[in-house]
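A.B. asks: Next comes upload_23.txt, compact mmCIF, C-alpha atoms and all ligand atoms:
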# COMPACT_ATOMS: atom_id res chain seq x y z
CA MET A 1 247.96 -22.25 10.63
CA PRO A 2 245.46 -20.08 12.57
CA SER A 3 242.94 -18.17 10.48
CA PRO A 4 243.15 -14.39 10.28
CA SER A 5 240.87 -12.39 12.58
CA THR A 6 237.09 -12.45 12.10
CA ARG A 7 237.24 -8.73 11.44
CA LEU A 8 239.56 -9.30 8.50
CA SER A 9 237.59 -12.17 7.04
CA GLN A 10 234.45 -9.97 6.87
CA ILE A 11 236.20 -7.59 4.51
CA PRO A 12 236.07 -8.17 0.75
CA PRO A 13 239.44 -8.17 -1.07
CA TYR A 14 240.76 -4.68 -1.88
CA LEU A 15 239.04 -3.57 -5.08
CA PHE A 16 242.20 -2.81 -6.99
CA GLY A 17 243.69 -6.20 -6.10
CA GLN A 18 240.97 -7.90 -8.19
CA ILE A 19 241.38 -5.42 -11.01
CA ALA A 20 245.16 -5.96 -10.97
CA ALA A 21 244.56 -9.72 -11.33
CA LEU A 22 242.26 -9.24 -14.36
CA LYS A 23 244.78 -6.89 -15.89
CA ALA A 24 247.67 -9.32 -15.29
CA LYS A 25 245.68 -12.10 -16.98
CA ALA A 26 244.94 -9.99 -20.07
CA ILE A 27 248.58 -8.95 -20.32
CA ALA A 28 249.74 -12.57 -19.91
CA GLU A 29 247.48 -13.42 -22.86
CA GLY A 30 249.40 -10.84 -24.87
CA ARG A 31 246.50 -8.36 -25.18
CA ASP A 32 247.11 -4.64 -25.54
CA LEU A 33 244.93 -3.00 -22.89
CA VAL A 34 243.99 0.64 -22.70
CA ASP A 35 244.23 0.86 -18.94
CA LEU A 36 241.77 3.36 -17.50
CA GLY A 37 241.84 1.54 -14.14
CA ILE A 38 243.71 2.75 -11.08
CA GLY A 39 244.23 6.50 -10.60
CA ASP A 40 247.99 6.57 -10.33
CA PRO A 41 249.70 9.40 -12.24
CA ASP A 42 251.60 7.89 -15.17
CA GLN A 43 254.02 10.82 -15.42
CA PRO A 44 257.23 10.62 -13.36
CA THR A 45 257.73 12.68 -10.21
CA PRO A 46 259.24 16.04 -11.26
CA GLU A 47 263.02 15.85 -11.50
CA ALA A 48 263.60 18.66 -8.98
CA ILE A 49 261.80 16.63 -6.28
CA VAL A 50 263.87 13.54 -7.09
CA GLU A 51 267.01 15.70 -6.80
CA ALA A 52 265.81 17.02 -3.42
CA LEU A 53 265.35 13.43 -2.22
CA TYR A 54 268.77 12.49 -3.52
CA SER A 55 270.54 15.26 -1.63
CA ALA A 56 268.48 14.68 1.56
CA ALA A 57 269.22 10.94 1.41
CA ARG A 58 272.96 11.65 1.28
CA ASN A 59 272.70 13.42 4.63
CA PRO A 60 273.14 10.78 7.38
CA GLU A 61 270.86 12.83 9.66
CA THR A 62 267.97 11.45 7.62
CA HIS A 63 268.96 7.83 8.22
CA ARG A 64 267.39 7.74 11.67
CA TYR A 65 263.88 7.73 13.14
CA ASP A 66 262.04 11.01 12.81
CA GLU A 67 261.50 11.73 16.50
CA SER A 68 259.67 15.03 16.01
CA PRO A 69 256.18 15.26 17.57
CA LEU A 70 254.13 15.75 14.37
CA GLY A 71 256.62 15.29 11.50
CA GLU A 72 259.89 17.03 10.66
CA ALA A 73 259.58 20.72 11.50
CA GLY A 74 260.75 21.79 8.03
CA PHE A 75 257.97 19.71 6.44
CA ILE A 76 255.20 20.79 8.81
CA GLU A 77 256.16 24.45 8.47
CA ALA A 78 256.32 24.25 4.67
CA VAL A 79 252.88 22.62 4.53
CA THR A 80 251.25 25.08 6.91
CA ARG A 81 252.74 28.04 4.97
CA TRP A 82 251.37 26.55 1.74
CA PHE A 83 247.95 26.04 3.35
CA GLY A 84 247.90 29.64 4.53
CA SER A 85 248.70 31.02 1.08
CA ARG A 86 246.49 28.56 -0.83
CA PHE A 87 243.36 28.74 1.35
CA GLY A 88 243.91 31.78 3.55
CA VAL A 89 243.62 29.62 6.68
CA GLU A 90 246.22 29.82 9.42
CA ILE A 91 247.30 26.46 10.81
CA ASP A 92 249.37 26.20 13.99
CA PRO A 93 252.39 24.03 13.06
CA ARG A 94 252.76 22.97 16.73
CA SER A 95 249.33 21.38 17.08
CA GLU A 96 247.17 21.50 13.94
CA ALA A 97 249.12 19.48 11.34
CA LEU A 98 250.34 15.89 11.30
CA MET A 99 252.55 14.17 8.74
CA LEU A 100 251.13 10.92 7.31
CA ILE A 101 252.65 8.00 5.45
CA GLY A 102 250.30 8.77 2.57
CA SER A 103 246.77 10.01 3.24
CA LYS A 104 245.30 6.48 3.02
CA GLU A 105 247.24 5.51 6.13
CA GLY A 106 245.94 8.54 8.04
CA LEU A 107 242.34 8.05 6.94
CA ALA A 108 242.39 4.39 7.95
CA HIS A 109 243.90 5.14 11.33
CA LEU A 110 241.41 7.94 11.95
CA ALA A 111 238.62 5.35 11.83
CA TRP A 112 240.54 3.25 14.37
CA THR A 113 241.09 6.37 16.48
CA TYR A 114 237.37 7.16 16.86
CA ILE A 115 235.26 4.10 16.18
CA ASP A 116 234.28 1.63 18.89
CA ALA A 117 231.90 -1.31 18.47
CA GLY A 118 228.45 0.02 17.66
CA ASP A 119 229.59 3.53 16.68
CA VAL A 120 228.50 4.90 13.35
CA SER A 121 230.38 6.67 10.61
CA LEU A 122 228.55 8.58 7.91
CA ALA A 123 230.23 7.79 4.62
CA PRO A 124 229.47 8.75 1.04
CA ASP A 125 228.32 6.03 -1.34
CA PRO A 126 229.94 5.57 -3.85
CA ALA A 127 233.29 6.28 -2.20
CA TYR A 128 236.93 5.46 -1.85
CA THR A 129 236.63 2.20 0.09
CA VAL A 130 238.99 3.07 2.96
CA TYR A 131 236.39 5.01 5.03
CA ARG A 132 233.88 2.17 5.04
CA VAL A 133 236.22 -0.77 5.40
CA ASN A 134 238.14 0.66 8.35
CA THR A 135 234.94 1.66 10.12
CA LEU A 136 233.74 -1.92 9.76
CA MET A 137 237.05 -3.42 10.86
CA ALA A 138 237.02 -1.24 13.96
CA GLY A 139 233.61 -2.74 14.83
CA GLY A 140 231.50 0.22 13.70
CA GLU A 141 228.57 0.60 11.37
CA VAL A 142 228.43 2.68 8.22
CA CYS A 143 225.45 4.85 7.41
CA PRO A 144 225.72 5.57 3.68
CA MET A 145 225.17 9.09 2.35
CA PRO A 146 224.06 8.49 -1.25
CA LEU A 147 225.82 10.57 -3.91
CA LEU A 148 223.22 11.03 -6.62
CA ARG A 149 223.77 12.46 -10.06
CA GLU A 150 220.74 14.73 -9.80
CA ARG A 151 222.32 16.37 -6.74
CA GLY A 152 225.72 16.78 -8.37
CA PHE A 153 227.05 13.87 -6.28
CA VAL A 154 226.85 15.91 -3.06
CA PRO A 155 224.95 14.25 -0.18
CA ASP A 156 221.62 15.55 1.08
CA LEU A 157 222.31 15.92 4.81
CA THR A 158 218.60 16.34 5.57
CA THR A 159 218.03 12.68 4.68
CA ILE A 160 220.48 11.29 7.27
CA PRO A 161 218.38 9.36 9.81
CA THR A 162 218.43 11.16 13.19
CA ASP A 163 219.30 7.97 15.05
CA ALA A 164 222.38 7.43 12.84
CA ALA A 165 223.40 11.08 13.25
CA ARG A 166 223.16 10.78 17.04
CA ARG A 167 225.33 7.67 17.08
CA ALA A 168 227.81 8.96 14.50
CA LYS A 169 231.33 9.93 15.48
CA LEU A 170 232.73 10.61 12.02
CA MET A 171 231.40 12.11 8.82
CA TRP A 172 233.58 11.45 5.79
CA LEU A 173 233.52 13.79 2.83
CA ASN A 174 235.81 13.69 -0.18
CA TYR A 175 235.86 16.76 -2.40
CA PRO A 176 237.01 16.93 -5.10
CA ASN A 177 235.50 13.47 -5.27
CA ASN A 178 236.72 10.05 -6.22
CA PRO A 179 235.08 8.30 -8.06
CA THR A 180 232.52 10.81 -9.37
CA GLY A 181 234.83 13.75 -10.19
CA ALA A 182 232.31 16.02 -8.40
CA THR A 183 233.19 19.18 -6.51
CA ALA A 184 231.56 20.78 -3.47
CA THR A 185 230.95 24.44 -2.67
CA LEU A 186 232.04 26.25 0.46
CA GLU A 187 228.31 26.63 1.17
CA PHE A 188 227.94 22.84 1.30
CA PHE A 189 230.96 22.59 3.61
CA ARG A 190 229.26 25.15 5.85
CA GLU A 191 226.13 22.97 6.02
CA ALA A 192 228.29 19.96 6.88
CA VAL A 193 230.08 21.87 9.67
CA ASP A 194 226.71 22.97 11.12
CA PHE A 195 225.38 19.41 10.95
CA CYS A 196 228.45 17.97 12.66
CA ARG A 197 228.36 20.65 15.33
CA GLN A 198 224.70 19.86 16.02
CA TYR A 199 225.37 16.14 16.44
CA ASP A 200 228.91 16.31 17.90
CA ILE A 201 230.61 14.56 14.98
CA VAL A 202 234.18 14.85 13.71
CA LEU A 203 234.03 16.10 10.12
CA VAL A 204 236.68 14.79 7.74
CA ASN A 205 237.31 16.08 4.25
CA ASP A 206 239.63 13.89 2.20
CA ALA A 207 241.11 16.51 -0.14
CA ALA A 208 243.58 14.25 -1.97
CA TYR A 209 242.52 15.87 -5.28
CA SER A 210 242.32 19.51 -4.17
CA GLU A 211 245.12 20.50 -6.55
CA VAL A 212 243.91 18.41 -9.50
CA THR A 213 241.50 20.95 -10.99
CA PHE A 214 240.87 22.40 -14.44
CA ASP A 215 239.35 25.27 -16.38
CA GLY A 216 240.19 27.85 -13.70
CA TYR A 217 238.32 26.01 -10.94
CA ARG A 218 239.92 26.19 -7.46
CA ALA A 219 238.66 23.74 -4.85
CA PRO A 220 237.70 25.20 -1.45
CA SER A 221 238.88 23.74 1.87
CA VAL A 222 236.45 22.73 4.60
CA LEU A 223 238.73 24.61 6.99
CA GLN A 224 237.74 27.87 5.29
CA VAL A 225 234.38 27.62 7.05
CA GLU A 226 234.41 29.79 10.13
CA GLY A 227 234.79 27.70 13.27
CA ALA A 228 235.52 24.52 11.28
CA LYS A 229 238.74 23.93 13.17
CA ASP A 230 236.63 23.14 16.27
CA LEU A 231 235.55 19.85 14.73
CA ALA A 232 236.98 19.31 11.23
CA VAL A 233 240.16 17.88 9.76
CA GLU A 234 241.25 17.82 6.16
CA PHE A 235 243.59 15.30 4.57
CA HIS A 236 245.97 16.28 1.78
CA SER A 237 248.19 14.04 -0.29
CA PHE A 238 251.40 14.50 -2.24
CA SER A 239 250.47 11.54 -4.42
CA LYS A 240 248.19 13.25 -6.89
CA MET A 241 249.57 16.76 -6.47
CA PHE A 242 253.14 15.90 -7.46
CA ASN A 243 252.95 12.39 -9.01
CA MET A 244 254.40 10.98 -5.80
CA THR A 245 252.12 8.00 -5.13
CA GLY A 246 254.94 5.60 -4.28
CA TRP A 247 256.65 8.05 -1.96
CA ARG A 248 253.90 7.77 0.67
CA MET A 249 253.50 11.29 1.93
CA GLY A 250 250.40 13.09 3.17
CA VAL A 251 249.26 15.46 5.89
CA ALA A 252 246.23 15.96 8.15
CA LEU A 253 245.35 19.52 9.14
CA GLY A 254 242.74 21.11 11.39
CA CYS A 255 241.13 20.43 14.78
CA LYS A 256 243.93 20.01 17.30
CA ASP A 257 242.10 17.47 19.44
CA VAL A 258 241.60 15.22 16.42
CA ILE A 259 245.22 15.69 15.31
CA SER A 260 246.41 14.82 18.80
CA ALA A 261 244.23 11.69 19.04
CA LEU A 262 245.33 10.49 15.59
CA ASN A 263 248.95 11.13 16.53
CA LYS A 264 248.53 9.03 19.67
CA MET A 265 247.17 6.15 17.58
CA LYS A 266 249.86 6.47 14.93
CA SER A 267 252.76 6.76 17.33
CA ASN A 268 251.85 3.30 18.63
CA ILE A 269 251.82 1.89 15.11
CA ASP A 270 254.38 3.60 12.89
CA SER A 271 257.56 5.59 13.32
CA LYS A 272 256.88 8.23 10.68
CA GLN A 273 258.34 8.47 7.21
CA PHE A 274 261.95 8.35 5.99
CA PRO A 275 263.02 11.94 6.81
CA ALA A 276 264.61 12.35 3.35
CA VAL A 277 261.15 11.85 1.83
CA SER A 278 259.59 14.48 4.07
CA ARG A 279 262.41 16.91 3.15
CA ALA A 280 261.80 16.28 -0.56
CA ALA A 281 258.05 16.79 0.00
CA ALA A 282 258.76 20.08 1.78
CA TYR A 283 260.81 21.12 -1.23
CA ALA A 284 257.96 20.11 -3.56
CA ILE A 285 255.29 22.12 -1.79
CA GLU A 286 257.50 25.21 -1.64
CA HIS A 287 259.05 25.15 -5.11
CA VAL A 288 257.22 22.89 -7.58
CA GLY A 289 253.98 23.45 -9.51
CA ASN A 290 251.78 20.86 -11.21
CA GLY A 291 250.52 22.90 -14.20
CA ALA A 292 252.25 20.74 -16.83
CA PHE A 293 250.70 17.56 -15.39
CA LEU A 294 247.24 19.17 -15.33
CA ASP A 295 247.59 20.15 -19.01
CA VAL A 296 248.27 16.51 -19.90
CA ILE A 297 245.25 15.26 -17.94
CA ARG A 298 242.94 17.97 -19.32
CA GLU A 299 243.84 17.05 -22.89
CA ARG A 300 242.99 13.39 -22.23
CA ARG A 301 239.79 14.35 -20.42
CA ASP A 302 238.59 16.32 -23.44
CA VAL A 303 239.47 13.55 -25.90
CA LEU A 304 237.74 10.87 -23.81
CA VAL A 305 234.64 12.84 -22.82
CA ASP A 306 234.07 14.31 -26.29
CA GLY A 307 234.72 10.92 -27.89
CA LEU A 308 232.28 9.06 -25.65
CA ALA A 309 229.70 11.82 -26.04
CA SER A 310 230.00 11.49 -29.84
CA LEU A 311 229.06 7.81 -29.42
CA GLY A 312 225.96 8.87 -27.51
CA TRP A 313 227.24 8.30 -23.96
CA ASP A 314 225.71 10.74 -21.47
CA VAL A 315 229.00 11.73 -19.88
CA GLN A 316 230.05 14.92 -18.06
CA ARG A 317 233.38 16.74 -18.14
CA PRO A 318 234.84 16.73 -14.59
CA LYS A 319 236.37 20.01 -13.46
CA ALA A 320 238.54 18.24 -10.89
CA THR A 321 240.22 14.84 -10.27
CA PHE A 322 241.36 12.54 -13.03
CA TYR A 323 238.20 10.47 -13.18
CA VAL A 324 235.39 10.28 -15.70
CA TRP A 325 232.34 8.80 -14.00
CA ALA A 326 230.22 7.53 -16.84
CA PRO A 327 226.65 6.26 -16.61
CA ILE A 328 226.42 2.94 -18.42
CA PRO A 329 224.63 3.54 -21.70
CA GLY A 330 221.23 1.91 -21.35
CA GLY A 331 221.91 1.08 -17.65
CA GLY A 332 222.63 -2.36 -16.21
CA SER A 333 225.27 -4.12 -14.18
CA SER A 334 228.57 -2.26 -13.95
CA ILE A 335 230.51 -5.49 -13.45
CA GLU A 336 229.05 -6.98 -16.62
CA PHE A 337 229.65 -3.77 -18.54
CA ALA A 338 233.26 -3.44 -17.35
CA SER A 339 233.90 -7.10 -18.26
CA ARG A 340 232.46 -6.47 -21.70
CA LEU A 341 234.67 -3.42 -22.15
CA LEU A 342 237.69 -5.50 -21.18
CA GLU A 343 236.89 -8.54 -23.26
CA GLU A 344 235.44 -6.95 -26.38
CA ALA A 345 237.31 -3.65 -26.52
CA GLY A 346 240.46 -4.25 -24.45
CA VAL A 347 239.58 -1.21 -22.32
CA LEU A 348 239.99 -1.50 -18.56
CA ALA A 349 237.56 0.58 -16.44
CA ILE A 350 236.40 0.10 -12.86
CA PRO A 351 232.81 -1.05 -12.22
CA GLY A 352 231.03 1.60 -10.17
CA VAL A 353 229.48 -0.91 -7.77
CA GLY A 354 232.99 -1.53 -6.42
CA TYR A 355 232.65 1.87 -4.72
CA GLY A 356 229.28 1.11 -3.14
CA ALA A 357 225.69 0.23 -4.02
CA TYR A 358 224.97 3.75 -5.32
CA GLY A 359 227.86 3.36 -7.76
CA GLU A 360 225.90 0.70 -9.64
CA GLY A 361 225.03 1.77 -13.16
CA PHE A 362 228.32 3.70 -13.61
CA ILE A 363 231.91 2.96 -14.53
CA ARG A 364 234.99 4.95 -13.56
CA MET A 365 237.58 5.72 -16.20
CA SER A 366 240.89 7.14 -15.00
CA LEU A 367 242.79 9.64 -17.12
CA THR A 368 246.18 8.57 -15.79
CA VAL A 369 246.50 6.18 -18.72
CA MET A 370 249.98 4.73 -19.20
CA GLY A 371 251.76 5.40 -22.49
CA ASP A 372 249.35 8.12 -23.60
CA GLN A 373 250.77 10.89 -25.81
CA HIS A 374 248.46 13.86 -26.34
CA GLY A 375 245.35 11.80 -25.80
CA ASP A 376 246.21 9.02 -28.27
CA ARG A 377 245.39 6.17 -25.85
CA ALA A 378 242.17 7.91 -24.81
CA ARG A 379 241.31 8.25 -28.53
CA GLU A 380 242.15 4.58 -29.00
CA ALA A 381 239.78 3.65 -26.15
CA VAL A 382 236.95 5.52 -27.87
CA ARG A 383 237.80 3.94 -31.24
CA ARG A 384 237.74 0.44 -29.74
CA ILE A 385 234.49 1.04 -27.88
CA GLN A 386 232.92 2.24 -31.12
CA ALA A 387 234.35 -0.68 -33.10
CA ALA A 388 233.01 -3.14 -30.51
CA GLY A 389 229.59 -1.51 -30.77
CA ILE A 390 229.41 -0.81 -27.04
CA GLY A 391 227.07 1.98 -25.95
CA ALA A 392 224.36 3.99 -27.61
CA ARG A 393 224.20 5.32 -31.20
CA VAL A 394 226.83 2.97 -32.67
C1 LIG B 1 239.94 9.80 -2.45
C2 LIG B 1 241.29 9.32 -2.15
N1 LIG B 1 241.82 9.56 -0.95
C3 LIG B 1 243.04 9.13 -0.60
C4 LIG B 1 243.80 8.40 -1.49
C5 LIG B 1 245.14 7.88 -1.03
O1 LIG B 1 246.19 8.67 -1.40
P1 LIG B 1 247.62 8.48 -0.77
O2 LIG B 1 248.49 8.01 -1.89
O3 LIG B 1 248.00 9.84 -0.22
O4 LIG B 1 247.53 7.47 0.32
C6 LIG B 1 243.30 8.11 -2.76
C7 LIG B 1 244.09 7.31 -3.71
O5 LIG B 1 243.64 6.90 -4.75
C8 LIG B 1 242.03 8.58 -3.09
O6 LIG B 1 241.49 8.34 -4.29
Could you render the structure from this file as structure tokens?

C.D. replies:
Amino acid sequence: MPSPSTRLSQIPPYLFGQIAALKAKAIAEGRDLVDLGIGDPDQPTPEAIVEALYSAARNPETHRYDESPLGEAGFIEAVTRWFGSRFGVEIDPRSEALMLIGSKEGLAHLAWTYIDAGDVSLAPDPAYTVYRVNTLMAGGEVCPMPLLRERGFVPDLTTIPTDAARRAKLMWLNYPNNPTGATATLEFFREAVDFCRQYDIVLVNDAAYSEVTFDGYRAPSVLQVEGAKDLAVEFHSFSKMFNMTGWRMGVALGCKDVISALNKMKSNIDSKQFPAVSRAAAYAIEHVGNGAFLDVIRERRDVLVDGLASLGWDVQRPKATFYVWAPIPGGGSSIEFASRLLEEAGVLAIPGVGYGAYGEGFIRMSLTVMGDQHGDRAREAVRRIQAAGIGARV
């Protein structure tokens, strides 16, 4: 049997694969875990969207390849209308939006679209691993942009080495941010657009969590910056907005040259999504809200953050995403701390170092905890952590 490519063997196993194995082992041992691991909404997809899929799937027209240029016209038009009313930015449905089979697929293929051997991508650290891994697989190099707590987990663009900036083809941003829960201002996006214009870089904002926000906060879009469409694209996802992770539906919007290049790459790899799914997604974006889901997540956030704070953890309340990014009380290795949480408290959290070197010293706790009713599993996590004597002031 030949071995897989060198490029593949350089890549560590997908972070959540290892976590899934640890989780499976604990469950096989009959342990009751409070699972604050992967960020996959535990609530079902709203019934009206399931009904829309059902009726679209009964139409034999949807049983064929989607041969449209950018994604079914009904979907692309619904998304661009939503974008216009949500962000006040007009997107041309004929050239500035592209349907994706989930945003992860589009992000990965964007790296393959732009990166040649020796090219650089500027990527946040810690970060969703897809930006880095696909840059590396395409033969590129990653210049990390550290996300530091004292800067609100927003990179300091003035510290990017000039040589890396000159060689960079992509800058990845992700606001609202996974794993830190941080948000960025329009002012920061403006700085990023100016930087990328100066160095001729494609600017990418992964906005998978733009609609997962609380306490009246509304996330801005990078495309609201004047002139951003000359060089920026933004990725949106139906996964977190409508509890549709398994449906695989996302969209890229913005600079038409980037959209066109990504489309060229994709059309040689995939044949778009099942058209019934894109019709259901169009229905979702036009008719369905996510307020009830946000209320559930906010309640858990408050229980978890207040509970950990009462134990002496120095933890902040995120105003977006469903992640609590907690500094490890007293510092130390995040892998050791997460293992301790799992073994001694039966609480599954993700070690921050899995998201990059600058994630060391933190753990990520997801609020999409299965089986939770009004914060009871989040409360149970705090109770167990306290009982196990993990953290400060216990
Ligand atoms: C930051 C970020 N971007 C993109 C994705 C992928 O979402 P999708 O389901 O649309 O592929 C995730 C999923 O966890 C994510 O956290």

A.B. asks: What is the distance, in Å and to one decimal place, between CA of Thr62 in chain A and CA of Lys104 in chain A?

C.D. replies: 23.7 Å

A.B. asks: Any idea what's packed within 9 Å of Val154 in chain A, counting all atoms listed in the file, ignoring anything in its chain fewer than 2 positions away? Could you give it as an mmCIF file with C-alpha atoms, keeping the file's coordinate frame?

C.D. replies:
data_model
loop_
_atom_site.group_PDB
_atom_site.id
_atom_site.type_symbol
_atom_site.label_atom_id
_atom_site.label_comp_id
_atom_site.auth_asym_id
_atom_site.auth_seq_id
_atom_site.Cartn_x
_atom_site.Cartn_y
_atom_site.Cartn_z
ATOM 1 C CA PRO A 124 229.470 8.750 1.040
ATOM 2 C CA MET A 145 225.170 9.090 2.350
ATOM 3 C CA PRO A 146 224.060 8.490 -1.250
ATOM 4 C CA LEU A 147 225.820 10.570 -3.910
ATOM 5 C CA LEU A 148 223.220 11.030 -6.620
ATOM 6 C CA ARG A 149 223.770 12.460 -10.060
ATOM 7 C CA ARG A 151 222.320 16.370 -6.740
ATOM 8 C CA GLY A 152 225.720 16.780 -8.370
ATOM 9 C CA ASP A 156 221.620 15.550 1.080
ATOM 10 C CA ALA A 182 232.310 16.020 -8.400
ATOM 11 C CA THR A 183 233.190 19.180 -6.510
ATOM 12 C CA ALA A 184 231.560 20.780 -3.470
ATOM 13 C CA PHE A 188 227.940 22.840 1.300
#

A.B. asks: Set the cut-off to 7 Å, count all atoms listed in the file, and list whatever residues fall near ligand LIG 1 (chain B) as number ranges by chain.

C.D. replies: A: 39, 102-105, 128, 174, 177-178, 206, 208, 237-239, 245, 248-250

A.B. asks: Export C-alpha atoms of the chosen residues as a PDB file, keeping the file's coordinate frame?

C.D. replies:
ATOM      1  CA  GLY A  39     244.230   6.500 -10.600  1.00  0.00           C
ATOM      2  CA  GLY A 102     250.300   8.770   2.570  1.00  0.00           C
ATOM      3  CA  SER A 103     246.770  10.010   3.240  1.00  0.00           C
ATOM      4  CA  LYS A 104     245.300   6.480   3.020  1.00  0.00           C
ATOM      5  CA  GLU A 105     247.240   5.510   6.130  1.00  0.00           C
ATOM      6  CA  TYR A 128     236.930   5.460  -1.850  1.00  0.00           C
ATOM      7  CA  ASN A 174     235.810  13.690  -0.180  1.00  0.00           C
ATOM      8  CA  ASN A 177     235.500  13.470  -5.270  1.00  0.00           C
ATOM      9  CA  ASN A 178     236.720  10.050  -6.220  1.00  0.00           C
ATOM     10  CA  ASP A 206     239.630  13.890   2.200  1.00  0.00           C
ATOM     11  CA  ALA A 208     243.580  14.250  -1.970  1.00  0.00           C
ATOM     12  CA  SER A 237     248.190  14.040  -0.290  1.00  0.00           C
ATOM     13  CA  PHE A 238     251.400  14.500  -2.240  1.00  0.00           C
ATOM     14  CA  SER A 239     250.470  11.540  -4.420  1.00  0.00           C
ATOM     15  CA  THR A 245     252.120   8.000  -5.130  1.00  0.00           C
ATOM     16  CA  ARG A 248     253.900   7.770   0.670  1.00  0.00           C
ATOM     17  CA  MET A 249     253.500  11.290   1.930  1.00  0.00           C
ATOM     18  CA  GLY A 250     250.400  13.090   3.170  1.00  0.00           C
TER      19      GLY A 250
END

A.B. asks: Quick check, in Å to one decimal: how far apart do CA of Arg300 in chain A and CA of Gly389 in chain A lie?

C.D. replies: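 CA of Gly389 in chain A lies 21.8 Å from CA of Arg300 in chain A.
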
A.B. asks: Calculate how many Å separate CA of Asp116 in chain A from CA of Cys196 in chain A, rounding to one decimal.

C.D. replies: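 Spanning CA of Asp116 in chain A to CA of Cys196 in chain A is a straight-line distance of 18.4 Å.
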
A.B. asks: Do a neighbour search on Asp194 in chain A at 12 Å with only C-alpha atoms, toss out local chain neighbours closer than 2 positions, and write the hits as a PyMOL selection string.

C.D. replies: chain A and resi 157-158+187-192+196-203+222+225-228+230-232

A.B. asks: Find the spatial neighbours of Arg58 in chain A, counting all atoms listed in the file, within a cut-off of 10 Å - ignore same-chain residues fewer than 5 positions away - and output them as a PyMOL selection string.

C.D. replies: chain A and resi 53+63+276

A.B. asks: Nearest to Val233 in chain A: which of A:Thr321, A:Ala97, A:Phe83, A:Asn290 is it, counting all atoms listed in the file?

C.D. replies: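 Answer, going by the shortest atom-to-atom distance: A:Ala97.
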
A.B. asks: Which residue, A:Val324, A:Met99, A:Ile27, A:Ala73, has the smallest gap to Leu262 in chain A when you use only C-alpha atoms?

C.D. replies: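 Residue with the minimum atom-to-atom distance to Leu262 in chain A: A:Met99.
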
A.B. asks: With all atoms listed in the file as the basis for distance, which of A:Pro60, A:Glu72, A:Asn268, A:Ile285 is at the shortest distance from Ser85 in chain A?

C.D. replies: A:Ile285

A.B. asks: Mind working out the centre and edge lengths of an axis-aligned box for range 285-292 of chain A, all listed atoms inside, 4 Å added to each side, rounded to one decimal in Å and written as AutoDock Vina command-line options?

C.D. replies:
--center_x 254.8 --center_y 23.0 --center_z -9.2 --size_x 16.5 --size_y 12.5 --size_z 23.2

A.B. asks: Using only C-alpha atoms, find the one residue out of A:Ala48, A:Met265, A:Ile297, A:Ile11 that sits nearest to Ala108 in chain A.

C.D. replies: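 Using only C-alpha atoms, Ala108 in chain A sits closest to A:Met265.
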
A.B. asks: I want to know what sits within 12 Å of Arg218 in chain A, based on only C-alpha atoms, with residues of the same chain fewer than 3 positions away left out; could you give that as a ChimeraX atom specification?

C.D. replies: /A:86-87,175-176,183-186,209-215,221,319-321
